[in-house]
>>> print(open('input.cif').read())   # mmCIF, C-alpha atoms
data_work
loop_
_atom_site.label_atom_id
_atom_site.label_comp_id
_atom_site.auth_asym_id
_atom_site.auth_seq_id
_atom_site.Cartn_x
_atom_site.Cartn_y
_atom_site.Cartn_z
CA MET G 821 0.00 0.00 0.00
CA LEU G 822 2.77 2.44 0.97
CA THR G 823 4.73 1.64 -2.21
CA TRP G 824 1.61 2.19 -4.31
CA ILE G 825 1.00 5.61 -2.76
CA LEU G 826 4.62 6.70 -3.27
CA LEU G 827 4.55 5.61 -6.92
CA LEU G 828 1.37 7.61 -7.48
CA ILE G 829 2.96 10.68 -5.93
CA LEU G 830 6.13 10.37 -8.05
CA HIS G 831 4.07 9.91 -11.21
CA ARG G 832 2.10 13.04 -10.41
CA LEU G 833 5.11 15.18 -9.53
CA LEU G 834 7.79 14.36 -12.04
CA HIS G 835 8.17 15.12 -15.73
CA GLU G 836 11.26 15.42 -17.90
CA THR G 837 11.58 19.22 -18.08
CA MET G 838 11.23 19.61 -14.33
CA ILE G 839 13.73 16.87 -13.55
CA ILE G 840 16.41 18.32 -15.85
CA THR G 841 16.00 21.89 -14.60
CA LEU G 842 15.98 20.98 -10.91
CA LEU G 843 18.90 18.56 -11.27
CA ILE G 844 21.02 21.26 -12.94
CA ILE G 845 20.21 23.69 -10.11
CA LEU G 846 20.95 21.01 -7.48
CA VAL G 847 24.30 19.92 -8.95
CA LEU G 848 25.51 23.48 -9.52
CA ASN G 849 24.72 24.45 -5.94
CA ILE G 850 26.37 21.34 -4.50
CA PHE G 851 29.53 22.18 -6.45
CA LEU G 852 29.34 25.86 -5.45
CA SER G 853 28.88 24.96 -1.79
CA ILE G 854 31.85 22.58 -1.75
CA VAL G 855 34.09 25.19 -3.39
CA VAL G 856 32.95 28.12 -1.21
CA ASN G 857 33.19 26.12 2.02
CA GLY G 858 36.63 24.88 1.02
CA LEU G 859 37.83 28.43 0.45
CA LEU G 860 36.27 29.65 3.70
CA LEU G 861 37.85 26.77 5.59
CA ARG G 862 41.23 27.70 4.19
CA PHE G 863 41.09 31.42 4.98
CA SER G 864 38.72 31.73 7.98
CA LYS G 865 39.89 29.25 10.56
CA ASN G 866 38.81 31.24 13.65
CA LEU G 867 35.34 32.58 12.78
CA GLY G 868 32.79 31.55 15.39
CA ILE G 869 35.36 30.26 17.91
CA ARG G 870 34.64 32.70 20.71
CA SER G 871 36.38 31.27 23.77
CA HIS G 872 37.35 28.15 25.66
CA GLN G 873 33.75 28.08 26.92
CA GLU G 874 32.73 26.73 23.51
CA PHE G 875 33.71 23.30 24.80
CA THR G 876 31.04 23.39 27.51
CA ILE G 877 28.42 23.73 24.78
CA ARG G 878 29.94 22.10 21.71
CA TRP G 879 30.09 18.33 21.65
CA SER G 880 33.36 18.33 19.71
CA ALA G 881 36.55 18.32 21.78
CA GLN G 882 38.27 20.35 19.06
CA ALA G 883 37.54 23.99 18.21
CA LYS G 884 36.38 24.36 14.61
CA PRO G 885 35.33 27.42 12.60
CA SER G 886 31.62 28.16 12.40
CA ILE G 887 31.57 29.30 8.80
CA GLY G 888 28.92 27.11 7.18
CA GLY G 889 26.31 29.83 7.53
CA VAL G 890 28.44 32.23 5.49
CA SER G 891 28.46 29.76 2.60
CA PHE G 892 24.68 29.31 2.94
CA PHE G 893 24.14 33.02 2.49
CA ILE G 894 26.61 33.28 -0.40
CA GLY G 895 24.85 30.38 -2.14
CA PHE G 896 21.45 31.91 -1.41
CA LEU G 897 22.48 35.31 -2.74
CA LEU G 898 23.99 33.92 -5.94
CA SER G 899 21.00 31.64 -6.53
CA PHE G 900 18.53 34.44 -5.80
CA ILE G 901 20.18 36.81 -8.28
CA THR G 902 20.71 34.10 -10.92
CA LEU G 903 17.09 32.94 -10.79
CA LEU G 904 15.84 36.51 -11.07
CA LEU G 905 17.95 37.15 -14.16
CA VAL G 906 18.03 33.79 -15.96
CA PHE G 907 14.38 32.84 -15.47
CA ASP G 908 12.96 36.38 -15.88
CA TYR G 909 11.62 36.73 -12.35
CA ALA G 910 13.14 40.19 -11.85
CA GLU G 911 10.10 42.16 -13.01
CA ILE G 912 7.74 39.97 -10.98
CA ALA G 913 9.92 40.23 -7.88
CA ALA G 914 10.11 44.02 -8.09
CA LYS G 915 6.32 44.23 -7.90
CA ASN G 916 5.82 41.43 -5.40
CA LEU G 917 6.05 42.43 -1.74
CA LYS G 918 6.52 38.78 -0.69
CA PHE G 919 9.82 38.57 -2.61
CA ILE G 920 11.09 41.75 -0.98
CA GLY G 921 9.98 40.66 2.49
CA PHE G 922 11.53 37.22 2.08
CA PHE G 923 14.88 38.68 1.02
CA ALA G 924 14.85 41.28 3.82
CA ALA G 925 14.00 38.66 6.45
CA VAL G 926 16.88 36.45 5.26
CA LEU G 927 19.25 39.41 5.55
CA VAL G 928 18.13 40.15 9.11
CA ALA G 929 18.33 36.49 10.22
CA THR G 930 21.79 36.03 8.72
CA LEU G 931 23.07 39.25 10.24
CA VAL G 932 21.74 38.28 13.68
CA GLY G 933 23.52 34.93 13.47
CA PHE G 934 26.73 36.44 12.15
CA MET G 935 26.80 38.99 14.99
CA ASP G 936 26.33 36.21 17.53
CA ASP G 937 29.13 34.13 15.99
CA THR G 938 31.43 37.14 15.91
CA PHE G 939 30.58 39.11 19.06
CA ASN G 940 28.55 36.67 21.20
CA THR G 941 25.60 39.06 21.42
CA LYS G 942 23.11 39.14 24.29
CA PRO G 943 20.10 36.78 24.04
CA LEU G 944 17.66 39.71 23.96
CA ILE G 945 19.33 41.14 20.83
CA LYS G 946 19.19 37.74 19.18
CA LEU G 947 15.52 37.29 20.10
CA SER G 948 14.70 40.78 18.81
CA GLY G 949 16.30 39.92 15.47
CA GLN G 950 14.30 36.68 15.27
CA ILE G 951 11.04 38.51 16.00
CA LEU G 952 11.90 41.15 13.40
CA SER G 953 12.56 38.42 10.79
CA GLY G 954 9.18 36.83 11.47
CA PHE G 955 7.44 40.20 11.48
CA ILE G 956 8.92 41.14 8.10
CA ILE G 957 7.74 38.02 6.27
CA ALA G 958 4.34 38.19 8.00
CA ILE G 959 3.52 41.79 7.11
CA THR G 960 4.71 41.30 3.54
CA GLY G 961 2.15 38.58 2.90
CA THR G 962 3.68 35.27 4.01
CA THR G 963 1.45 34.18 6.87
CA ILE G 964 0.32 30.86 8.29
CA PRO G 965 -3.34 30.37 7.27
CA PHE G 966 -4.44 29.01 10.65
CA SER G 967 -7.39 31.28 11.43
CA HIS G 968 -9.67 33.69 9.62
CA ILE G 969 -8.22 36.65 11.54
CA LEU G 970 -5.18 38.31 9.96
CA ILE G 971 -3.60 39.62 13.17
CA VAL G 972 -3.85 36.16 14.74
CA ASP G 973 -2.18 34.57 11.71
CA ILE G 974 0.58 37.21 11.83
CA ILE G 975 1.27 36.44 15.51
CA ILE G 976 1.27 32.68 14.84
CA THR G 977 3.67 33.23 11.93
CA ILE G 978 6.10 35.22 14.09
CA ILE G 979 5.96 32.55 16.81
CA TRP G 980 6.62 29.86 14.18
CA VAL G 981 9.64 31.72 12.79
CA VAL G 982 11.14 32.38 16.25
CA ALA G 983 10.48 28.79 17.34
CA LEU G 984 12.21 27.31 14.29
CA MET G 985 15.20 29.66 14.45
CA ASN G 986 15.76 28.63 18.07
CA SER G 987 14.97 24.96 17.49
CA LEU G 988 17.47 24.63 14.64
CA ASN G 989 20.02 26.54 16.72
CA MET G 990 19.55 24.09 19.60
CA LEU G 991 19.71 21.08 17.29
CA ASP G 992 23.07 22.23 15.90
CA ASN G 993 24.99 20.42 18.64
CA MET G 994 26.63 17.51 16.84
CA ASP G 995 28.20 16.89 13.44
CA GLY G 996 25.75 16.73 10.55
CA ILE G 997 22.50 16.66 12.55
CA THR G 998 20.93 20.01 11.70
CA THR G 999 22.20 19.84 8.12
CA THR G 1000 20.65 16.41 7.51
CA VAL G 1001 17.34 17.24 9.17
CA SER G 1002 17.09 20.49 7.17
CA ILE G 1003 17.69 18.69 3.87
CA PHE G 1004 14.83 16.29 4.52
CA VAL G 1005 12.45 19.08 5.59
CA LEU G 1006 13.22 20.96 2.37
CA VAL G 1007 12.59 17.82 0.33
CA ALA G 1008 9.15 17.60 1.97
CA ALA G 1009 8.59 21.30 1.24
CA CYS G 1010 9.51 20.80 -2.42
CA ALA G 1011 7.20 17.83 -2.82
CA GLY G 1012 4.43 19.60 -0.95
CA PHE G 1013 4.74 22.65 -3.18
CA MET G 1014 4.63 20.56 -6.35
CA ILE G 1015 1.49 18.78 -5.18
CA ILE G 1016 -0.22 22.02 -4.16
CA SER G 1017 0.85 24.30 -7.02
CA SER G 1018 0.32 23.96 -10.74
CA ASP G 1019 3.49 26.02 -11.31
CA ASP G 1020 6.03 23.18 -11.24
CA LEU G 1021 9.07 25.41 -11.79
CA SER G 1022 8.24 28.38 -9.59
CA PHE G 1023 10.86 30.65 -8.04
CA ASN G 1024 10.33 29.24 -4.54
CA LEU G 1025 10.71 25.65 -5.72
CA LYS G 1026 13.99 26.47 -7.47
CA MET G 1027 15.25 28.31 -4.39
CA ASN G 1028 14.42 25.30 -2.20
CA VAL G 1029 16.44 23.04 -4.49
CA SER G 1030 19.29 25.57 -4.43
CA ILE G 1031 19.39 25.51 -0.62
CA ILE G 1032 19.25 21.71 -0.61
CA GLY G 1033 22.33 21.76 -2.84
CA ALA G 1034 24.06 24.22 -0.51
CA LEU G 1035 23.32 21.97 2.47
CA ILE G 1036 24.54 18.82 0.72
CA GLY G 1037 27.78 20.57 -0.21
CA PHE G 1038 28.20 21.75 3.38
CA LEU G 1039 27.49 18.25 4.67
CA TYR G 1040 30.68 17.12 2.92
CA TYR G 1041 32.57 19.14 5.55
CA ASN G 1042 30.06 18.81 8.40
CA TRP G 1043 29.56 15.04 8.61
CA HIS G 1044 31.47 13.35 11.43
CA PRO G 1045 34.36 13.92 11.84
CA SER G 1046 33.52 17.45 10.73
CA LYS G 1047 35.90 20.17 9.63
CA MET G 1048 33.49 23.03 10.36
CA PHE G 1049 30.20 23.97 12.02
CA MET G 1050 27.36 26.01 10.55
CA GLY G 1051 27.34 28.29 13.60
CA ASP G 1052 24.59 30.72 14.53
CA THR G 1053 24.91 32.32 11.10
CA GLY G 1054 23.87 29.02 9.58
CA SER G 1055 21.24 27.99 12.13
CA GLN G 1056 19.54 31.41 12.03
CA PHE G 1057 19.58 31.46 8.23
CA ILE G 1058 18.31 27.91 7.82
CA GLY G 1059 15.74 28.31 10.62
CA LEU G 1060 14.25 31.36 8.90
CA TYR G 1061 14.42 29.70 5.50
CA LEU G 1062 12.69 26.51 6.68
CA ALA G 1063 10.00 28.60 8.35
CA TYR G 1064 9.34 30.44 5.09
CA ALA G 1065 9.48 27.29 2.94
CA SER G 1066 7.12 25.37 5.23
CA ILE G 1067 4.60 28.23 5.26
CA ASP G 1068 4.79 28.40 1.48
CA SER G 1069 4.06 24.70 1.06
CA LEU G 1070 3.24 22.49 4.05
CA TRP G 1071 1.25 24.92 6.21
CA ARG G 1072 -1.16 25.87 3.43
CA VAL G 1073 -2.15 22.31 2.53
CA GLY G 1074 -5.59 22.57 4.12
CA THR G 1075 -6.58 25.91 2.56
CA SER G 1076 -5.14 24.95 -0.84
CA PHE G 1077 -7.60 22.07 -1.12
CA GLU G 1078 -10.46 23.79 0.73
CA ASN G 1079 -10.08 21.52 3.72
CA HIS G 1080 -9.36 21.91 7.44
CA ARG G 1081 -6.69 24.48 8.26
CA TRP G 1082 -5.22 22.35 11.05
CA LEU G 1083 -4.07 19.75 8.51
CA GLY G 1084 -1.08 21.96 7.73
CA PHE G 1085 -0.06 21.90 11.39
CA ILE G 1086 -0.12 18.08 11.49
CA ILE G 1087 1.98 17.80 8.34
CA CYS G 1088 4.51 20.34 9.67
CA LEU G 1089 4.63 18.49 13.00
CA VAL G 1090 5.47 15.26 11.15
CA ALA G 1091 8.04 16.89 8.83
CA PHE G 1092 9.83 18.62 11.72
CA THR G 1093 9.66 15.63 14.09
CA PRO G 1094 13.45 15.27 14.71
CA ALA G 1095 13.96 18.96 15.50
CA ALA G 1096 10.72 19.34 17.46
CA ILE G 1097 11.41 16.32 19.65
CA ASP G 1098 14.93 17.47 20.47
CA THR G 1099 13.69 20.93 21.45
CA LEU G 1100 10.78 19.55 23.47
CA THR G 1101 12.85 17.03 25.43
CA VAL G 1102 15.56 19.60 26.20
CA ILE G 1103 13.01 22.14 27.44
CA ILE G 1104 11.20 19.58 29.62
CA ASN G 1105 14.38 18.16 31.16
CA ARG G 1106 15.92 21.57 31.84
CA LEU G 1107 12.74 22.94 33.42
CA LYS G 1108 12.60 19.84 35.63
CA ARG G 1109 16.13 20.65 36.80
CA GLY G 1110 15.24 24.29 37.37
CA GLN G 1111 17.46 25.50 34.50
CA SER G 1112 16.76 27.95 31.72
CA PRO G 1113 15.84 26.13 28.48
CA MET G 1114 17.93 28.63 26.51
CA ILE G 1115 21.33 27.84 28.04
CA GLY G 1116 23.78 25.66 26.16
CA GLY G 1117 24.63 22.18 27.32
CA LYS G 1118 25.37 18.57 26.45
CA ASP G 1119 21.91 17.26 27.30
CA HIS G 1120 20.29 17.04 23.87
CA THR G 1121 18.72 13.91 22.44
CA THR G 1122 21.83 13.43 20.30
CA HIS G 1123 24.05 13.44 23.39
CA HIS G 1124 21.86 10.96 25.25
CA LEU G 1125 22.07 8.58 22.29
CA VAL G 1126 25.86 8.70 22.72
CA TYR G 1127 25.47 8.09 26.47
CA LYS G 1128 23.40 5.05 25.44
CA GLY G 1129 26.41 3.70 23.58
CA LEU G 1130 26.06 4.94 20.00
CA LYS G 1131 28.98 6.54 18.18
CA ASP G 1132 28.70 10.05 16.75
CA ASN G 1133 28.30 8.86 13.16
CA GLN G 1134 25.64 6.36 14.28
CA VAL G 1135 23.69 9.17 15.92
CA GLY G 1136 23.88 11.00 12.60
CA ARG G 1137 22.41 7.96 10.85
CA VAL G 1138 19.59 7.71 13.42
CA PHE G 1139 18.57 11.31 12.77
CA ALA G 1140 18.95 10.82 9.01
CA LEU G 1141 16.59 7.85 9.24
CA LEU G 1142 14.14 9.86 11.37
CA GLY G 1143 14.34 12.66 8.81
CA LEU G 1144 13.70 10.25 5.93
CA VAL G 1145 10.68 8.65 7.62
CA SER G 1146 9.27 12.02 8.69
CA THR G 1147 9.66 13.47 5.19
CA THR G 1148 8.06 10.43 3.57
CA LEU G 1149 5.06 10.57 5.90
CA ALA G 1150 4.69 14.32 5.39
CA ILE G 1151 4.70 13.95 1.59
CA ILE G 1152 2.15 11.15 1.78
CA GLY G 1153 0.05 13.36 4.06
CA VAL G 1154 0.04 16.23 1.54
CA TYR G 1155 -0.91 13.84 -1.25
CA LEU G 1156 -3.76 12.31 0.76
CA VAL G 1157 -5.18 15.75 1.49
CA SER G 1158 -4.97 16.57 -2.23
CA ILE G 1159 -7.28 13.62 -2.98
CA ASN G 1160 -9.52 14.49 -0.02
CA ILE G 1161 -8.48 11.64 2.29
CA VAL G 1162 -7.91 13.19 5.68
CA TRP G 1163 -8.33 10.68 8.52
CA PRO G 1164 -4.96 8.87 8.00
CA LEU G 1165 -3.21 12.10 9.01
CA LEU G 1166 -4.19 11.33 12.59
CA PHE G 1167 -1.51 8.63 12.45
CA GLY G 1168 0.96 11.48 11.94
CA ILE G 1169 0.19 12.70 15.45
CA LEU G 1170 0.58 9.13 16.73
CA TYR G 1171 3.94 8.88 14.95
CA PHE G 1172 5.17 12.06 16.61
CA ILE G 1173 4.01 10.91 20.05
CA LEU G 1174 5.63 7.47 19.71
CA VAL G 1175 8.96 8.88 18.56
CA PHE G 1176 8.86 11.45 21.36
CA ILE G 1177 8.19 8.77 24.01
CA TRP G 1178 11.02 6.62 22.65
CA ILE G 1179 13.54 9.47 22.63
CA TYR G 1180 12.41 10.95 25.93
CA ARG G 1181 12.75 7.60 27.71
CA ILE G 1182 16.33 7.41 26.44
CA THR G 1183 17.08 10.87 27.90
CA LEU G 1184 15.76 9.70 31.27
CA LYS G 1185 17.58 6.37 31.28
CA TYR G 1186 20.99 7.27 29.86
CA LYS G 1187 22.75 10.18 31.54
CA ALA G 1188 26.12 11.82 31.06
CA PRO G 1189 28.92 9.96 32.87
CA PRO G 1190 30.15 11.77 36.01
CA SER G 1191 33.10 14.13 35.55
CA LYS G 1192 36.46 13.33 37.12
CA SER G 1193 35.86 15.82 39.92
CA GLU G 1194 32.49 14.25 40.72
CA SER G 1195 33.98 10.76 40.64
CA ASN G 1196 36.66 11.74 43.16
CA ASN G 1197 34.20 13.26 45.64
#
>>> encode(input="input.cif", output="structure tokens")
Amino acid sequence: MLTWILLLILHRLLHETMIITLLIILVLNIFLSIVVNGLLLRFSKNLGIRSHQEFTIRWSAQAKPSIGGVSFFIGFLLSFITLLLVFDYAEIAAKNLKFIGFFAAVLVATLVGFMDDTFNTKPLIKLSGQILSGFIIAITGTTIPFSHILIVDIIITIIWVVALMNSLNMLDNMDGITTTVSIFVLVAACAGFMIISSDDLSFNLKMNVSIIGALIGFLYYNWHPSKMFMGDTGSQFIGLYLAYASIDSLWRVGTSFENHRWLGFIICLVAFTPAAIDTLTVIINRLKRGQSPMIGGKDHTTHHLVYKGLKDNQVGRVFALLGLVSTTLAIIGVYLVSINIVWPLLFGILYFILVFIWIYRITLKYKAPPSKSESNN
């Protein structure tokens, strides 16, 4: 049954012109990302390494430059300009407030992350930048269609943007995790957009594929043992971008097919399962210990999997598998809504709950080994 559904989806989505165009964009951006990251790695070995305190937050025992986010923005900027010029989107973009808002929000998010990597800015400044990013895309027309009241949808959109920018920042705690999860979410966003929209080769779809290419190229350097981190520049950029891409595709599933608006929330919950579960478990465990959820630490789901006995690269594979399953279920969910079959999406909530229970039990059972000072006391 599952194979049959996936084959139907692929048949509906793919045709020769689309495949060729998107593959060219993907390959070019993978190549560009590998080259740019290689050059940055050669000439910017200290960016994002703020102090010896990095080791209390970073899982790696070796300081590495946090320059991945710079390559994301370079790739985004080049892709944005190229698509405007080559595919004749420039005139449309100049008259479309959504394009302008999207670009401005990306600039703000990237700048906020870059400032934090460079100067270790105060949390309030970082939060203000996140809120501003969400506010910009909301007032320029990109809002989550959750209610029939515009101001409510704007507030929900801002909360969604801030939540994702922080969630992806928190998830960026071990080699390759955030990069892999982000790739799978963008694949779901691409598929969702193609199912929803009749414009197979739209600007947003091409940009999504461009960012997937940038992430794959970065993963070459970020997979364990990594040579670099994405840093706050990368996590803030990709958090904002995923928020925008998911609003553009996954969130609007219900309204696109004149169905329940909450269907978009379920599909987003499924697609973002790995990131959402990590954030949720960290917040719950830290609040139980009387700690602020926003402090850094080695108490993420990824870390507890290592305490359980997995190696770093095995943890990466676990999250890659979770990302693959989550993306597959999200795509199937969008397709089912498109043919007016809604009730199976309730299994998406069950999937999220079961994965959360499994991961949360691991965080309770497998703790960090005591430090040498604790062992001697």
>>> atom_distance(input="input.cif", atom1="atom CA of G:Tyr1155", atom2="atom CA of G:Ile957")
26.8 Å
>>> residues_near_point(input="input.cif", point="(26.0, 31.3, 11.7)", cutoff="8 Å", atoms="all atoms listed in the file", output="list in words")
Gly868, Ser886, Ile887, Gly888, Gly889, Val890, Thr930, Gly933, Phe934, Asp936, Asp937, Met1050, Gly1051, Asp1052, Thr1053, Gly1054, Ser1055, Gln1056 and Phe1057 of chain G
>>> residues_around(input="input.cif", residues="G:Gly895", least_positions_apart="4", cutoff="10 Å", atoms="all atoms listed in the file", output="PyMOL selection string")
chain G and resi 849-850+852-853+856+889-891+899-900+1030-1031+1033-1035
>>> atom_distance(input="input.cif", atom1="atom CA of G:Ile1159", atom2="atom CA of G:Ala1011")
15.1 Å
>>> residues_around(input="input.cif", residues="G:Ile975", least_positions_apart="3", cutoff="12 Å", atoms="only C-alpha atoms", output="VMD selection string")
chain G and resid 951 to 952 954 to 959 962 to 967 969 to 972 978 to 982
>>> closest_residue(input="input.cif", among="G:Leu1100, G:Ile997, G:Tyr1040, G:Leu988", to="G:Leu1062", atoms="only C-alpha atoms")
G:Leu988
